[in-house]
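Shown here: entry_27.cif, mmCIF, C-alpha atoms.
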```
data_query
loop_
_atom_site.group_PDB
_atom_site.id
_atom_site.type_symbol
_atom_site.label_atom_id
_atom_site.label_comp_id
_atom_site.auth_asym_id
_atom_site.auth_seq_id
_atom_site.Cartn_x
_atom_site.Cartn_y
_atom_site.Cartn_z
ATOM 1 C CA MET A 1 102.472 119.231 134.842
ATOM 2 C CA ALA A 2 106.207 119.602 135.487
ATOM 3 C CA SER A 3 107.012 118.839 131.852
ATOM 4 C CA ARG A 4 104.485 121.444 130.693
ATOM 5 C CA LYS A 5 106.143 124.098 132.904
ATOM 6 C CA ALA A 6 109.577 123.148 131.627
ATOM 7 C CA GLY A 7 108.337 123.468 128.049
ATOM 8 C CA THR A 8 106.834 126.874 128.796
ATOM 9 C CA ARG A 9 110.039 128.030 130.497
ATOM 10 C CA GLY A 10 112.009 126.961 127.437
ATOM 11 C CA LYS A 11 109.733 128.993 125.143
ATOM 12 C CA VAL A 12 109.940 132.055 127.389
ATOM 13 C CA ALA A 13 113.747 131.793 127.561
ATOM 14 C CA ALA A 14 113.972 131.437 123.778
ATOM 15 C CA THR A 15 111.705 134.463 123.296
ATOM 16 C CA LYS A 16 113.772 136.563 125.716
ATOM 17 C CA GLN A 17 116.989 135.444 124.009
ATOM 18 C CA ALA A 18 115.586 136.386 120.593
ATOM 19 C CA GLN A 19 114.505 139.783 121.932
ATOM 20 C CA ARG A 20 117.959 140.411 123.396
ATOM 21 C CA GLY A 21 119.621 139.417 120.147
ATOM 22 C CA SER A 22 117.430 141.669 118.037
ATOM 23 C CA SER A 23 117.389 144.592 120.453
ATOM 24 C CA ASN A 24 121.179 144.697 120.336
ATOM 25 C CA VAL A 25 121.146 145.522 116.623
ATOM 26 C CA PHE A 26 118.612 148.307 117.193
ATOM 27 C CA SER A 27 120.906 149.904 119.774
ATOM 28 C CA MET A 28 123.617 150.268 117.109
ATOM 29 C CA PHE A 29 121.621 152.950 115.284
ATOM 30 C CA GLU A 30 119.795 156.141 116.099
ATOM 31 C CA GLN A 31 116.025 156.199 115.664
ATOM 32 C CA ALA A 32 116.267 158.351 112.503
ATOM 33 C CA GLN A 33 118.682 155.854 110.956
ATOM 34 C CA ILE A 34 116.383 152.940 111.797
ATOM 35 C CA GLN A 35 113.512 154.777 110.109
ATOM 36 C CA GLU A 36 115.637 155.272 106.981
ATOM 37 C CA PHE A 37 116.505 151.570 106.970
ATOM 38 C CA LYS A 38 112.790 150.728 107.327
ATOM 39 C CA GLU A 39 112.029 152.864 104.293
ATOM 40 C CA ALA A 40 114.814 151.178 102.312
ATOM 41 C CA PHE A 41 113.610 147.750 103.400
ATOM 42 C CA SER A 42 110.053 148.502 102.305
ATOM 43 C CA CYS A 43 111.329 149.693 98.913
ATOM 44 C CA ILE A 44 113.195 146.423 98.406
ATOM 45 C CA ASP A 45 110.416 144.200 99.790
ATOM 46 C CA GLN A 46 108.398 144.484 96.582
ATOM 47 C CA ASN A 47 105.747 141.897 97.486
ATOM 48 C CA ARG A 48 105.284 143.403 100.987
ATOM 49 C CA ASP A 49 105.526 140.074 102.818
ATOM 50 C CA GLY A 50 108.155 141.254 105.323
ATOM 51 C CA ILE A 51 110.904 139.084 103.809
ATOM 52 C CA ILE A 52 113.356 140.043 101.061
ATOM 53 C CA CYS A 53 113.491 137.240 98.496
ATOM 54 C CA LYS A 54 115.180 136.782 95.128
ATOM 55 C CA ALA A 55 112.147 138.130 93.242
ATOM 56 C CA ASP A 56 112.218 141.281 95.418
ATOM 57 C CA LEU A 57 115.891 141.844 94.629
ATOM 58 C CA ARG A 58 115.374 141.230 90.914
ATOM 59 C CA GLU A 59 112.470 143.697 90.793
ATOM 60 C CA THR A 60 114.433 146.318 92.744
ATOM 61 C CA TYR A 61 117.338 146.024 90.329
ATOM 62 C CA SER A 62 114.910 146.246 87.429
ATOM 63 C CA GLN A 63 113.461 149.489 88.783
ATOM 64 C CA LEU A 64 117.001 150.849 89.005
ATOM 65 C CA GLY A 65 117.586 150.014 85.337
ATOM 66 C CA LYS A 66 119.630 146.838 85.734
ATOM 67 C CA VAL A 67 117.540 144.078 84.180
ATOM 68 C CA SER A 68 120.016 141.223 83.781
ATOM 69 C CA VAL A 69 121.415 140.490 87.232
ATOM 70 C CA PRO A 70 123.126 137.078 87.413
ATOM 71 C CA GLU A 71 121.349 134.497 89.577
ATOM 72 C CA GLU A 72 124.613 133.872 91.425
ATOM 73 C CA GLU A 73 124.790 137.532 92.469
ATOM 74 C CA LEU A 74 121.231 137.465 93.828
ATOM 75 C CA ASP A 75 121.906 134.160 95.610
ATOM 76 C CA ALA A 76 125.086 135.587 97.154
ATOM 77 C CA MET A 77 123.153 138.563 98.505
ATOM 78 C CA LEU A 78 120.529 136.330 100.063
ATOM 79 C CA GLN A 79 123.192 134.033 101.550
ATOM 80 C CA GLU A 80 124.618 136.937 103.546
ATOM 81 C CA GLY A 81 121.452 136.833 105.644
ATOM 82 C CA LYS A 82 121.990 133.167 106.555
ATOM 83 C CA GLY A 83 118.231 132.635 106.402
ATOM 84 C CA PRO A 84 115.146 134.682 105.569
ATOM 85 C CA ILE A 85 115.948 138.404 105.422
ATOM 86 C CA ASN A 86 113.382 140.169 107.569
ATOM 87 C CA PHE A 87 113.881 143.719 108.826
ATOM 88 C CA THR A 88 115.965 142.688 111.854
ATOM 89 C CA VAL A 89 118.309 140.599 109.686
ATOM 90 C CA PHE A 90 118.462 143.460 107.149
ATOM 91 C CA LEU A 91 119.451 145.876 109.921
ATOM 92 C CA THR A 92 122.017 143.402 111.272
ATOM 93 C CA LEU A 93 123.619 143.092 107.827
ATOM 94 C CA PHE A 94 123.953 146.864 107.575
ATOM 95 C CA GLY A 95 125.353 147.029 111.096
ATOM 96 C CA GLU A 96 128.002 144.468 110.185
ATOM 97 C CA LYS A 97 128.889 146.330 106.987
ATOM 98 C CA LEU A 98 129.045 149.732 108.680
ATOM 99 C CA ASN A 99 131.101 148.417 111.563
ATOM 100 C CA GLY A 100 133.493 146.992 108.988
ATOM 101 C CA THR A 101 134.663 150.493 108.070
ATOM 102 C CA ASP A 102 138.350 151.050 108.699
ATOM 103 C CA PRO A 103 139.188 153.115 111.783
ATOM 104 C CA GLU A 104 139.259 156.857 111.156
ATOM 105 C CA GLU A 105 143.006 157.028 111.799
ATOM 106 C CA ALA A 106 143.722 154.389 109.120
ATOM 107 C CA ILE A 107 141.704 156.341 106.558
ATOM 108 C CA LEU A 108 143.418 159.603 107.530
ATOM 109 C CA SER A 109 146.819 157.951 107.152
ATOM 110 C CA ALA A 110 145.924 156.840 103.633
ATOM 111 C CA PHE A 111 144.861 160.364 102.671
ATOM 112 C CA ARG A 112 148.019 161.864 104.211
ATOM 113 C CA MET A 113 150.031 160.040 101.549
ATOM 114 C CA PHE A 114 148.453 162.421 99.011
ATOM 115 C CA ASP A 115 149.010 165.477 101.215
ATOM 116 C CA PRO A 116 152.782 165.895 101.614
ATOM 117 C CA SER A 117 152.359 169.513 102.784
ATOM 118 C CA GLY A 118 150.047 168.415 105.633
ATOM 119 C CA LYS A 119 147.332 170.985 104.858
ATOM 120 C CA GLY A 120 144.456 168.531 105.349
ATOM 121 C CA VAL A 121 143.357 168.703 101.718
ATOM 122 C CA VAL A 122 144.054 166.791 98.503
ATOM 123 C CA ASN A 123 143.671 168.052 94.959
ATOM 124 C CA LYS A 124 140.290 166.976 93.588
ATOM 125 C CA ASP A 125 141.495 166.474 89.995
ATOM 126 C CA GLU A 126 144.523 164.412 91.001
ATOM 127 C CA PHE A 127 142.428 162.322 93.372
ATOM 128 C CA LYS A 128 139.754 161.809 90.709
ATOM 129 C CA GLN A 129 142.417 160.540 88.301
ATOM 130 C CA LEU A 130 143.650 158.053 90.914
ATOM 131 C CA LEU A 131 140.129 156.791 91.589
ATOM 132 C CA LEU A 132 139.500 156.268 87.882
ATOM 133 C CA THR A 133 142.779 154.525 87.091
ATOM 134 C CA GLN A 134 144.229 152.717 90.139
ATOM 135 C CA ALA A 135 143.449 149.502 92.066
ATOM 136 C CA ASP A 136 139.654 148.999 92.435
ATOM 137 C CA LYS A 137 138.785 151.567 89.797
ATOM 138 C CA PHE A 138 135.748 153.751 90.281
ATOM 139 C CA SER A 139 133.420 154.466 87.391
ATOM 140 C CA PRO A 140 132.964 158.140 86.447
ATOM 141 C CA ALA A 141 129.441 157.982 87.923
ATOM 142 C CA GLU A 142 130.775 156.601 91.220
ATOM 143 C CA VAL A 143 133.376 159.370 91.396
ATOM 144 C CA GLU A 144 130.741 162.052 90.825
ATOM 145 C CA GLN A 145 128.479 160.457 93.428
ATOM 146 C CA MET A 146 131.321 160.480 95.945
ATOM 147 C CA PHE A 147 132.252 164.087 95.165
ATOM 148 C CA ALA A 148 128.632 165.147 95.689
ATOM 149 C CA LEU A 149 129.050 164.213 99.373
ATOM 150 C CA THR A 150 132.677 165.293 99.751
ATOM 151 C CA PRO A 151 133.545 168.471 101.650
ATOM 152 C CA MET A 152 135.650 170.841 99.510
ATOM 153 C CA ASP A 153 137.487 174.053 100.272
ATOM 154 C CA LEU A 154 137.102 177.247 98.205
ATOM 155 C CA GLU A 155 139.790 176.115 95.728
ATOM 156 C CA GLY A 156 137.950 172.817 95.094
ATOM 157 C CA ASN A 157 140.326 170.672 97.127
ATOM 158 C CA ILE A 158 138.991 167.748 99.136
ATOM 159 C CA ASP A 159 138.876 168.337 102.901
ATOM 160 C CA TYR A 160 139.829 164.748 103.684
ATOM 161 C CA LYS A 161 139.589 165.117 107.466
ATOM 162 C CA SER A 162 135.903 166.009 107.151
ATOM 163 C CA LEU A 163 135.443 163.261 104.563
ATOM 164 C CA CYS A 164 136.963 160.705 106.948
ATOM 165 C CA TYR A 165 134.551 161.810 109.639
ATOM 166 C CA ILE A 166 131.615 161.344 107.248
ATOM 167 C CA ILE A 167 132.884 157.882 106.241
ATOM 168 C CA THR A 168 133.254 156.696 109.823
ATOM 169 C CA HIS A 169 130.393 158.540 111.553
ATOM 170 C CA GLY A 170 127.882 159.439 108.851
ATOM 171 C CA ASP A 171 126.827 162.790 107.471
ATOM 172 C CA GLU A 172 125.056 164.731 110.210
ATOM 173 C CA LYS A 173 123.617 167.169 107.626
ATOM 174 C CA GLU A 174 121.297 164.420 106.334
ATOM 175 C CA GLU A 175 119.115 164.622 109.447
#
```

Before anything else, please render the file you have as structure tokens.
Amino acid sequence: MASRKAGTRGKVAATKQAQRGSSNVFSMFEQAQIQEFKEAFSCIDQNRDGIICKADLRETYSQLGKVSVPEEELDAMLQEGKGPINFTVFLTLFGEKLNGTDPEEAILSAFRMFDPSGKGVVNKDEFKQLLLTQADKFSPAEVEQMFALTPMDLEGNIDYKSLCYIITHGDEKEE
């Protein structure tokens, strides 16, 4: 009888520990964000089994027009989950990635290098040229995608202070 109780206590403790571990990731996001992640997860989980597998990733890429994704790339994505990728693991991965964003002040300092006058804006055309030609080069499509979300002033300059806020806190207009 005592061993049965000890076994039951162990299961209860493990269940409570798992709940605490998973509830922590849910507290990182607002309810609307969690709902968006659920929708994204269900789009990727092609076979609707609650786990993202290699076939799900391959099919998702295929639907996005990329049909020849290297096996190594798919394996690397799955390895980030360190086990089966259910919704909680999926949310945890996004939490880790989002929390990996540089602090707002570091991003602002980088933008200030392109704003010697200190007006809080950078020239869109000059910045676009830098993105297309320097360091980790952006593709033209990536630049246009970024500019679609970037706050601009009336002259078409990038309001980098607002952009930094969006990068570090999210775009409140999406809600």

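Going from CA of Val67 in chain A over to CA of Leu149 in chain A, you cover 27.7 Å.
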
| message | Report as a ChimeraX atom specification all protein, DNA and RNA residues lying within 12 Å of Asn157 in chain A, evaluated on all atoms listed in the file, omitting residues in the same chain fewer than 3 positions from it. | response | /A:114-115,119-128,147,150-154,160-163

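Interatomic distance, CA of Glu30 in chain A against CA of Tyr61 in chain A: 27.8 Å.
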
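The closest residue to Asn86 in chain A, picked from A:Ile44, A:Ala110, A:Ala32, A:Leu98 and counting only C-alpha atoms, is A:Ile44.
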
| Nearby residues (only C-alpha atoms) at most 12 Å from Leu93 in chain A, same-chain spacing under 4 positions excluded, as a PyMOL selection string | chain A and resi 25-26+28+37+41+77-83+85-89+97-100

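Of note, CA of Leu74 in chain A and CA of Arg58 in chain A are spaced 7.5 Å apart.
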
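Across A:Phe29, A:Leu57, A:Ser117, A:Ala106, the tightest approach to Ser42 in chain A is made by A:Leu57 when counting only C-alpha atoms.
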
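Distance annotation: of A:Gln63, A:Thr92, A:Asn24, A:Thr168, the residue with the minimal separation from Cys43 in chain A is A:Gln63; atom set is all atoms listed in the file.
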
| field | Spatial neighbours of Leu108 in chain A, max dist 9 Å, all atoms listed in the file, sep filter under 3 positions, as a PyMOL selection string | value | chain A and resi 103-105+111-113+160-161+164

Extract range 11-118 of chain A from the coordinates I pasted, and write it as an mmCIF file, in the first residue's frame (atoms kept: C-alpha atoms).
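File produced: selection04.cif:
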```cif
data_model
loop_
_atom_site.group_PDB
_atom_site.id
_atom_site.type_symbol
_atom_site.label_atom_id
_atom_site.label_comp_id
_atom_site.auth_asym_id
_atom_site.auth_seq_id
_atom_site.Cartn_x
_atom_site.Cartn_y
_atom_site.Cartn_z
ATOM 1 C CA LYS A 11 2.854 10.783 -10.848
ATOM 2 C CA VAL A 12 0.995 13.719 -9.303
ATOM 3 C CA ALA A 13 4.263 15.610 -8.723
ATOM 4 C CA ALA A 14 5.374 14.947 -12.303
ATOM 5 C CA THR A 15 2.010 16.144 -13.635
ATOM 6 C CA LYS A 16 2.163 19.326 -11.540
ATOM 7 C CA GLN A 17 5.754 19.941 -12.657
ATOM 8 C CA ALA A 18 4.764 19.507 -16.312
ATOM 9 C CA GLN A 19 1.838 21.897 -15.842
ATOM 10 C CA ARG A 20 4.096 24.498 -14.231
ATOM 11 C CA GLY A 21 6.630 24.164 -17.020
ATOM 12 C CA SER A 22 4.049 24.551 -19.761
ATOM 13 C CA SER A 23 2.023 27.259 -18.045
ATOM 14 C CA ASN A 24 5.142 29.406 -17.825
ATOM 15 C CA VAL A 25 5.411 29.587 -21.615
ATOM 16 C CA PHE A 26 1.745 30.575 -21.898
ATOM 17 C CA SER A 27 2.317 33.487 -19.517
ATOM 18 C CA MET A 28 4.902 34.926 -21.933
ATOM 19 C CA PHE A 29 2.204 35.813 -24.471
ATOM 20 C CA GLU A 30 -1.133 37.556 -24.536
ATOM 21 C CA GLN A 31 -4.213 35.483 -25.324
ATOM 22 C CA ALA A 32 -4.514 36.983 -28.838
ATOM 23 C CA GLN A 33 -0.905 36.040 -29.578
ATOM 24 C CA ILE A 34 -1.465 32.482 -28.349
ATOM 25 C CA GLN A 35 -4.478 32.208 -30.654
ATOM 26 C CA GLU A 36 -2.358 33.374 -33.602
ATOM 27 C CA PHE A 37 0.291 30.789 -32.735
ATOM 28 C CA LYS A 38 -2.430 28.104 -32.555
ATOM 29 C CA GLU A 39 -3.580 29.059 -36.035
ATOM 30 C CA ALA A 40 -0.001 28.933 -37.337
ATOM 31 C CA PHE A 41 0.568 25.580 -35.655
ATOM 32 C CA SER A 42 -2.567 24.113 -37.214
ATOM 33 C CA CYS A 43 -1.462 25.354 -40.649
ATOM 34 C CA ILE A 44 1.889 23.607 -40.263
ATOM 35 C CA ASP A 45 0.463 20.428 -38.700
ATOM 36 C CA GLN A 46 -0.736 19.140 -42.069
ATOM 37 C CA ASN A 47 -1.771 15.668 -40.881
ATOM 38 C CA ARG A 48 -3.623 17.114 -37.846
ATOM 39 C CA ASP A 49 -2.048 14.734 -35.327
ATOM 40 C CA GLY A 50 -0.965 17.475 -32.900
ATOM 41 C CA ILE A 51 2.745 16.990 -33.647
ATOM 42 C CA ILE A 52 4.822 18.768 -36.294
ATOM 43 C CA CYS A 53 6.893 16.191 -38.172
ATOM 44 C CA LYS A 54 9.194 16.299 -41.190
ATOM 45 C CA ALA A 55 6.339 15.507 -43.597
ATOM 46 C CA ASP A 56 4.334 18.433 -42.153
ATOM 47 C CA LEU A 57 7.250 20.807 -42.697
ATOM 48 C CA ARG A 58 7.864 19.534 -46.224
ATOM 49 C CA GLU A 59 4.190 19.966 -47.145
ATOM 50 C CA THR A 60 4.078 23.461 -45.628
ATOM 51 C CA TYR A 61 7.118 24.495 -47.640
ATOM 52 C CA SER A 62 5.551 22.972 -50.734
ATOM 53 C CA GLN A 63 2.394 25.035 -50.252
ATOM 54 C CA LEU A 64 4.587 28.127 -49.997
ATOM 55 C CA GLY A 65 6.224 27.280 -53.328
ATOM 56 C CA LYS A 66 9.498 25.825 -52.067
ATOM 57 C CA VAL A 67 9.500 22.197 -53.180
ATOM 58 C CA SER A 68 13.121 21.141 -52.722
ATOM 59 C CA VAL A 69 13.991 21.751 -49.078
ATOM 60 C CA PRO A 70 17.153 19.891 -48.008
ATOM 61 C CA GLU A 71 16.595 17.066 -45.515
ATOM 62 C CA GLU A 72 19.274 18.578 -43.279
ATOM 63 C CA GLU A 73 17.313 21.835 -43.034
ATOM 64 C CA LEU A 74 14.123 20.008 -42.033
ATOM 65 C CA ASP A 75 16.056 17.877 -39.526
ATOM 66 C CA ALA A 76 17.656 20.999 -38.034
ATOM 67 C CA MET A 77 14.238 22.576 -37.542
ATOM 68 C CA LEU A 78 12.913 19.496 -35.793
ATOM 69 C CA GLN A 79 16.031 19.250 -33.605
ATOM 70 C CA GLU A 80 15.316 22.691 -32.155
ATOM 71 C CA GLY A 81 12.328 21.143 -30.390
ATOM 72 C CA LYS A 82 14.504 18.527 -28.665
ATOM 73 C CA GLY A 83 11.685 16.008 -29.052
ATOM 74 C CA PRO A 84 8.219 15.903 -30.591
ATOM 75 C CA ILE A 85 6.978 19.399 -31.460
ATOM 76 C CA ASN A 86 3.507 19.732 -29.993
ATOM 77 C CA PHE A 87 1.830 23.103 -29.488
ATOM 78 C CA THR A 88 3.508 23.787 -26.127
ATOM 79 C CA VAL A 89 6.967 23.061 -27.565
ATOM 80 C CA PHE A 90 6.102 25.180 -30.633
ATOM 81 C CA LEU A 91 5.127 28.079 -28.365
ATOM 82 C CA THR A 92 8.283 27.615 -26.280
ATOM 83 C CA LEU A 93 10.449 27.788 -29.411
ATOM 84 C CA PHE A 94 8.814 31.056 -30.436
ATOM 85 C CA GLY A 95 9.204 32.417 -26.918
ATOM 86 C CA GLU A 96 12.917 31.632 -27.004
ATOM 87 C CA LYS A 97 13.311 33.241 -30.430
ATOM 88 C CA LEU A 98 11.340 36.359 -29.502
ATOM 89 C CA ASN A 99 13.171 36.773 -26.224
ATOM 90 C CA GLY A 100 16.404 36.570 -28.196
ATOM 91 C CA THR A 101 15.735 39.984 -29.732
ATOM 92 C CA ASP A 102 18.388 42.545 -28.894
ATOM 93 C CA PRO A 103 17.408 45.113 -26.262
ATOM 94 C CA GLU A 104 15.643 48.163 -27.670
ATOM 95 C CA GLU A 105 18.545 50.440 -26.731
ATOM 96 C CA ALA A 106 21.036 48.302 -28.700
ATOM 97 C CA ILE A 107 18.844 48.477 -31.800
ATOM 98 C CA LEU A 108 18.382 52.239 -31.396
ATOM 99 C CA SER A 109 22.143 52.686 -31.089
ATOM 100 C CA ALA A 110 22.663 50.820 -34.355
ATOM 101 C CA PHE A 111 20.134 53.026 -36.148
ATOM 102 C CA ARG A 112 21.679 56.195 -34.678
ATOM 103 C CA MET A 113 24.821 55.443 -36.684
ATOM 104 C CA PHE A 114 22.766 56.216 -39.812
ATOM 105 C CA ASP A 115 21.209 59.334 -38.274
ATOM 106 C CA PRO A 116 24.051 61.797 -37.623
ATOM 107 C CA SER A 117 21.588 64.708 -37.304
ATOM 108 C CA GLY A 118 19.681 62.906 -34.514
#
```
